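Take a look at the structure below.
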Number of protein chains: 2
Amino acid sequence: MELLRVTYHLDVDEASAEARAEAMAREQTVEVPREVALRDPVVAREALGRVEKLEEDPEGGIRATLAYPVATTALDVAQFLNVVFGNSSLHDDVRCLDIDPPPSLLAALGGPCFGVPGLRRATGAVGRPLTCTAIKPMGLATPALAALAGTFARAGIDVVKDDHGLADQPWSPFRERVRACLGAVERAADETGHRTVYAPNLIGTPRRVLDALRYAEDAGVRAVLVSPMLIGLPFFSELCQRRASVPVLAHPAFGGALRFAPEALFGRLLRLLGADAVIFVSFGSRFRQSEQSCRRIADGLRCPWGHLLPSLPVPAGGVTLASAQKVVEAYGRDAMLLVGGDLQVDEGGVLERSRRFVEAVRDAAAGLP
Amino acid sequence: MELLRVTYHLDVDEASAEARAEAMAREQTVEVPREVALRDPVVAREALGRVEKLEEDPEGGIRATLAYPVATTALDVAQFLNVVFGNSSLHDDVRCLDIDPPPSLLAALGGPCFGVPGLRRATGAVGRPLTCTAIKPMGLATPALAALAGTFARAGIDVVKDDHGLADQPWSPFRERVRACLGAVERAADETGHRTVYAPNLIGTPRRVLDALRYAEDAGVRAVLVSPMLIGLPFFSELCQRRASVPVLAHPAFGGALRFAPEALFGRLLRLLGADAVIFVSFGSRFRQSEQSCRRIADGLRCPWGHLLPSLPVPAGGVTLASAQKVVEAYGRDAMLLVGGDLQVDEGGVLERSRRFVEAVRDAAAGLP
């Protein structure tokens with residue numbers, strides 16, 4: 001069986017390392033209590049992740065290498081990310097250090113289509129590092145940005161990219177900028193013989209990015225810039241593997257997006273983008289989250305906000321039958337309780353436990369003010 | 001002028017708060033040295049972010065509210081995220097606390113299409129919290145998962161969702177699972193009169209997610225589950241606003257993806273997904289990054305890895321003319337130097353500084369072993 005190996009830093013002491021790593025191996029794959037995972041032999045053998053190596057990290061804490069059966073990823077890029085770091089990214093004592101996919105996954109994901117040789121071909125730069133700069137600042141009109149691109153090209157810079165913040169703003173609309181900058185670097189090439197590559201910035205939803213890509217490729221661009229963490233990693237993969245016919249430069253923007261406070265990410269941003277219901281890890285679950293922070297998330301999802309409909313808060317992450325009443329009292333009527341593995345701990349009693357869950361919520365709601 | 005206000009926690013002392021906040025207001029918009037930003041009156045007035053409020057955070061550090069002209073976002077969802085937390089997410093002393101978009105942006109983004117009222121309509125749950133559970137674990141065959149869905153439905157649970165790790169794995173392919181689970185909850189409804197909503201998990205590239213959505217909607221599902229941070233926030237927005245005709249539940253997986261070590265995210269993952277060149281913040285820039293970590297990123301991008309082409313490392317984030325030689329020595333020939341604002345600090349001398357940049361790289365490369 002092929003295995004996807006992922007190495008994590010765990011901010012725990014040696015005594016608790018094994019239990020913590022075992023819990024993570026479950027969290028990233030089957031996401032049920034151990035006894036439920038072991039009940040079905042196929043689940044236990046073919047789906048459950050396992051702990052492969054635990055060692056002290058010289059910088060403190062533990063380095064744990066977990067091995068996941070590759071079938072858990074369905075050889076799909078988003079599900080691969082999910083297995084690597086989906087739920088565990090929400091534990092603040094875990095850090096993903098390294099990823100080692102087996103051959104089938106490596107083949108499915110594919111890597112660069114052009115890479116170093118393609119960029120050397122596109123720029124003609126041989127045997128030395130390439131040079132690159134950005135046209136900016138945002139707010140300059142297109143002629144000023146194009147003039148900058150021309151200047152950089154005349155100086156012999158290999159790649160002139162849009163600043164990653166140049167989108168389709170009124171000061172310099174995308175299509176106008178692409179045409180003007182391409183013209184500027186081409187005029188410089190006629191002068192100097194050096195063919196600078198101009199890489200416009202593609203940003204937006206998949207629909208807009210693909211539209212911009214088509215326009216840019218038709219206009220003759222020979223590379224493009226995107227911010228993978230902003231446009232989304234699975235779409236980034238689709239863009240590289242199936243859509244772009246020119247090299248793709250990746251910008252790191254949004255690469256540290258975790259430092260969104262949970263209130264901002266779950267309580268505001270997801271509602272703003274359109275989530276009808278937002279699942280978040282609640283206090284009293286297996287994740288560390290304060291009750292106050294959870295209340296703020298729920299408030300953010302339901303409070304009046306312009307014309308926006310309220311989103312339904314869905315506290316989760318290990319809510320149990322036993323804690324259901326407390327959770328109802330904390331979140332009130334406009335909420336959805338999500339109980340997962342706890343309904344399955346008693347193999348023959350799933351219907352009974354599920355009924356008790358439904359009744360517990362009904363009873364607790366009756367007691368609400 | 002409409003302003004997008006964003007509040008951040010800055011892990012700095014009071015003495016340095018103002019300078020740090022001012023630098024952030026530039027980082028998130030014009031991304032050039034102050035003197036370059038102030039050179040053009042339109043840039044200074046209409047594009048440059050400004051510091052609106054600084055206050056002590058009761059939990060230590062500073063709370064800074066920055067105001068960005070809404071035009072910087074181009075009313076586009078990805079560029080909005082970029083202005084909110086693009087580059088600044090890479091500074092480890094910053095945390096995004098709150099977002100307050102002006103009416104035009106609120107209207108452009110749109111929020112939930114169904115929200116709480118839509119989910120109450122879909123489930124028939126009135127005046128009490130809703131109940132929800134997940135079918136799992138991954139590894140179970142479709143009949144077992146469908147039987148679970150049926151059991152939960154007979155117990156009267158309102159929403160039964162796929163576990164967020166159920167993708168298109170061999171044990172239970174997506175289409176087969178959707179049909180079987182819908183059938184199971186419908187049979188339960190015939191028995192009990194309670195119409196449980198089954199929400200399948202959509203995961204993958206935009207192409208695959210849209211294909212799965214179409215299939216699920218045609219089959220009659222009345223809600224879907226997605227992980228916005230996994231599929232990408234702009235695509236999530238497109239899905240909610242334009243694609244889905246049923247309520248969308250958001251799962252928090254991957255919501256803490258920052259804790260990817262830079263070596264893993266920039267040095268491995270982006271190459272794996274297909275980046276031909278990867279821009280990352282380098283040592284000697286305005287971001288905190290160790291030289292050792294940067295070397296590991298570059299090594300990860302260029303080392304032999306199955307059949308994968310090497311990606312071109314692009315150290316950036318404030319590399320200057322003065323540091324170019326050191327950067328060339330650190331990264332060697334297969335690299336691209338990205339110098340941004342430093343080429344523009346002398347208004348009349350952009351061509352000259354750009355030429356010196358090109359020459360510095362050429363000269364430094366000649367000295368490489």
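Convention: chains lettered A, B, ... in structure tokens order; per-chain residue numbering from 1; ligands numbered from 1 as shown.
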
Quick one: residues within 12 Å of Tyr331 of chain A, only C-alpha atoms counted, chain neighbours fewer than 2 positions away excluded, as a compact mmCIF listing (two decimals) with N, CA and C atoms, in the first residue's frame?
```
# COMPACT_ATOMS: atom_id res chain seq x y z
N SER A 282 -15.85 24.49 18.63
CA SER A 282 -16.49 25.15 19.76
C SER A 282 -15.73 24.89 21.05
N PHE A 283 -15.96 25.72 22.04
CA PHE A 283 -15.50 25.40 23.40
C PHE A 283 -16.14 24.07 23.80
N GLU A 291 -14.87 30.02 25.33
CA GLU A 291 -16.30 30.23 25.18
C GLU A 291 -16.58 31.64 24.67
N GLN A 292 -15.80 32.59 25.15
CA GLN A 292 -16.01 33.98 24.73
C GLN A 292 -15.77 34.14 23.22
N CYS A 294 -16.06 31.85 20.99
CA CYS A 294 -17.14 31.17 20.27
C CYS A 294 -18.41 32.02 20.23
N ARG A 295 -18.70 32.68 21.34
CA ARG A 295 -19.88 33.55 21.36
C ARG A 295 -19.71 34.68 20.35
N ARG A 296 -18.49 35.18 20.25
CA ARG A 296 -18.25 36.27 19.30
C ARG A 296 -18.40 35.78 17.86
N ILE A 297 -17.96 34.56 17.60
CA ILE A 297 -18.15 34.00 16.25
C ILE A 297 -19.64 33.93 15.95
N ALA A 298 -20.41 33.37 16.89
CA ALA A 298 -21.85 33.23 16.66
C ALA A 298 -22.51 34.60 16.50
N ASP A 299 -22.10 35.56 17.32
CA ASP A 299 -22.66 36.92 17.20
C ASP A 299 -22.35 37.50 15.82
N LEU A 301 -21.93 35.99 13.10
CA LEU A 301 -22.68 35.31 12.03
C LEU A 301 -24.14 35.75 12.00
N ARG A 302 -24.65 36.21 13.15
CA ARG A 302 -26.09 36.48 13.23
C ARG A 302 -26.45 37.95 13.37
N LEU A 312 -26.00 30.57 9.74
CA LEU A 312 -26.30 29.69 10.86
C LEU A 312 -25.00 29.22 11.52
N PRO A 313 -24.78 29.54 12.82
CA PRO A 313 -23.58 29.04 13.50
C PRO A 313 -23.70 27.53 13.75
N VAL A 314 -22.62 26.79 13.49
CA VAL A 314 -22.63 25.34 13.69
C VAL A 314 -21.44 24.96 14.58
N PRO A 315 -21.63 25.07 15.91
CA PRO A 315 -20.54 24.68 16.82
C PRO A 315 -20.27 23.19 16.68
N ALA A 316 -18.99 22.81 16.64
CA ALA A 316 -18.64 21.41 16.37
C ALA A 316 -17.25 21.11 16.90
N ALA A 324 -24.61 18.58 24.90
CA ALA A 324 -25.57 19.24 24.00
C ALA A 324 -26.36 20.35 24.71
N GLN A 325 -26.83 20.05 25.91
CA GLN A 325 -27.65 21.06 26.59
C GLN A 325 -26.87 22.35 26.82
N LYS A 326 -25.62 22.20 27.30
CA LYS A 326 -24.79 23.37 27.57
C LYS A 326 -24.57 24.17 26.28
N VAL A 327 -24.39 23.47 25.19
CA VAL A 327 -24.13 24.13 23.91
C VAL A 327 -25.39 24.89 23.45
N VAL A 328 -26.56 24.29 23.62
CA VAL A 328 -27.80 24.98 23.27
C VAL A 328 -27.95 26.25 24.10
N GLU A 329 -27.66 26.13 25.38
CA GLU A 329 -27.78 27.31 26.25
C GLU A 329 -26.81 28.41 25.82
N ARG A 333 -31.29 29.68 19.94
CA ARG A 333 -32.12 29.00 18.93
C ARG A 333 -31.53 28.99 17.53
N ASP A 334 -30.94 30.13 17.11
CA ASP A 334 -30.43 30.20 15.75
C ASP A 334 -29.04 29.58 15.67
N ALA A 335 -29.00 28.29 15.77
CA ALA A 335 -27.73 27.57 15.74
C ALA A 335 -28.01 26.15 15.28
N MET A 336 -26.98 25.45 14.88
CA MET A 336 -27.16 24.04 14.52
C MET A 336 -26.10 23.25 15.28
N LEU A 337 -26.54 22.26 16.05
CA LEU A 337 -25.58 21.45 16.80
C LEU A 337 -25.09 20.31 15.92
N VAL A 361 -31.76 18.36 22.34
CA VAL A 361 -31.81 19.71 21.77
C VAL A 361 -33.21 20.29 21.92
N ALA A 364 -33.70 21.17 25.61
CA ALA A 364 -32.91 22.33 26.03
C ALA A 364 -33.49 23.60 25.43
N ALA A 365 -34.01 23.51 24.19
CA ALA A 365 -34.58 24.68 23.53
C ALA A 365 -35.83 25.15 24.27
N LEU A 368 -35.09 27.62 26.87
CA LEU A 368 -34.46 28.90 26.50
C LEU A 368 -35.43 30.04 26.80
N ARG B 128 -36.15 26.37 17.39
CA ARG B 128 -35.19 25.62 18.20
C ARG B 128 -33.91 25.48 17.39
N PRO B 129 -32.79 25.16 18.07
CA PRO B 129 -31.56 24.91 17.31
C PRO B 129 -31.74 23.70 16.42
N LEU B 130 -31.04 23.69 15.31
CA LEU B 130 -31.07 22.54 14.41
C LEU B 130 -30.08 21.49 14.89
```

*Nearest to Val30 of chain B among A:Asp163, A:Glu191, A:Asp93, A:Asp76, with distances taken over only C-alpha atoms: which residue is it?*
A:Asp163

*Which residue gives the smallest distance to chain B among A:Glu2, A:Glu52, A:Asp168, A:Glu22, with only C-alpha atoms counted?*
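Closest to chain B of all the choices is A:Asp168.
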
_Using only C-alpha atoms, which protein or nucleic acid residues come within 12 Å of Ala15 of chain A? Drop anything in the same chain fewer than 4 positions from it, and give the result as a list in words._
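Answer for this query is Asp11, Ala19, Arg20, Ala21, Leu54, Glu55, Glu56, Gly61 and Ile62 of chain A.
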
_Please identify the strand (DSSP E) residues within segment 9-225 of chain B (assignment by DSSP from backbone atoms) and present them as a PyMOL selection string._
chain B and resi 9-10+50-56+62-69+94-100+130-135+159-162+197-199+224-225

Selection from above, C-alpha atoms, as an mmCIF file, in the first residue's frame, can you write it?
```
data_model
loop_
_atom_site.group_PDB
_atom_site.id
_atom_site.type_symbol
_atom_site.label_atom_id
_atom_site.label_comp_id
_atom_site.auth_asym_id
_atom_site.auth_seq_id
_atom_site.Cartn_x
_atom_site.Cartn_y
_atom_site.Cartn_z
ATOM 1 C CA HIS B 9 -3.375 43.063 16.620
ATOM 2 C CA LEU B 10 0.264 44.140 16.450
ATOM 3 C CA ARG B 50 -3.804 55.119 6.361
ATOM 4 C CA VAL B 51 -3.729 54.556 10.102
ATOM 5 C CA GLU B 52 -7.056 55.469 11.656
ATOM 6 C CA LYS B 53 -6.775 54.353 15.259
ATOM 7 C CA LEU B 54 -4.141 52.937 17.588
ATOM 8 C CA GLU B 55 -5.014 51.688 21.035
ATOM 9 C CA GLU B 56 -3.491 49.496 23.667
ATOM 10 C CA ILE B 62 -1.539 47.235 20.102
ATOM 11 C CA ARG B 63 -4.855 47.219 18.240
ATOM 12 C CA ALA B 64 -4.504 49.172 15.019
ATOM 13 C CA THR B 65 -7.391 50.091 12.754
ATOM 14 C CA LEU B 66 -6.266 50.817 9.216
ATOM 15 C CA ALA B 67 -8.457 52.375 6.543
ATOM 16 C CA TYR B 68 -8.007 51.454 2.887
ATOM 17 C CA PRO B 69 -9.727 53.280 0.012
ATOM 18 C CA VAL B 94 0.371 40.661 13.055
ATOM 19 C CA ARG B 95 -3.059 39.103 13.480
ATOM 20 C CA CYS B 96 -6.195 40.200 11.653
ATOM 21 C CA LEU B 97 -8.946 40.866 14.191
ATOM 22 C CA ASP B 98 -11.855 42.404 12.358
ATOM 23 C CA ILE B 99 -13.068 43.574 8.961
ATOM 24 C CA ASP B 100 -15.520 46.390 8.319
ATOM 25 C CA LEU B 130 -31.075 22.541 14.413
ATOM 26 C CA THR B 131 -29.331 19.200 14.765
ATOM 27 C CA CYS B 132 -26.600 17.856 12.530
ATOM 28 C CA THR B 133 -24.260 14.913 12.289
ATOM 29 C CA ALA B 134 -21.802 13.405 9.822
ATOM 30 C CA ILE B 135 -21.627 10.022 8.144
ATOM 31 C CA VAL B 159 -28.985 17.781 8.608
ATOM 32 C CA VAL B 160 -26.834 14.738 7.859
ATOM 33 C CA LYS B 161 -23.634 15.735 6.123
ATOM 34 C CA ASP B 162 -20.755 13.797 4.652
ATOM 35 C CA VAL B 197 -31.469 17.247 4.614
ATOM 36 C CA TYR B 198 -28.468 15.266 3.334
ATOM 37 C CA ALA B 199 -25.486 17.507 2.504
ATOM 38 C CA VAL B 224 -24.014 20.974 0.249
ATOM 39 C CA LEU B 225 -20.880 21.034 2.402
#
```

*asked:* Given only C-alpha atoms as the basis, pick out the residue of B:Ala146, B:Val77, B:Ala155, B:Val319 nearest to Cys181 of chain B.
replied: B:Ala146

*Check segment 38-283 of chain B with DSSP on the backbone and list each residue it calls alpha helix (DSSP H), as a PyMOL selection string.*
chain B and resi 38-39+41-42+77-85+103-109+115-123+142-154+174-192+206-219+228-231+233-238+262-264+270-273
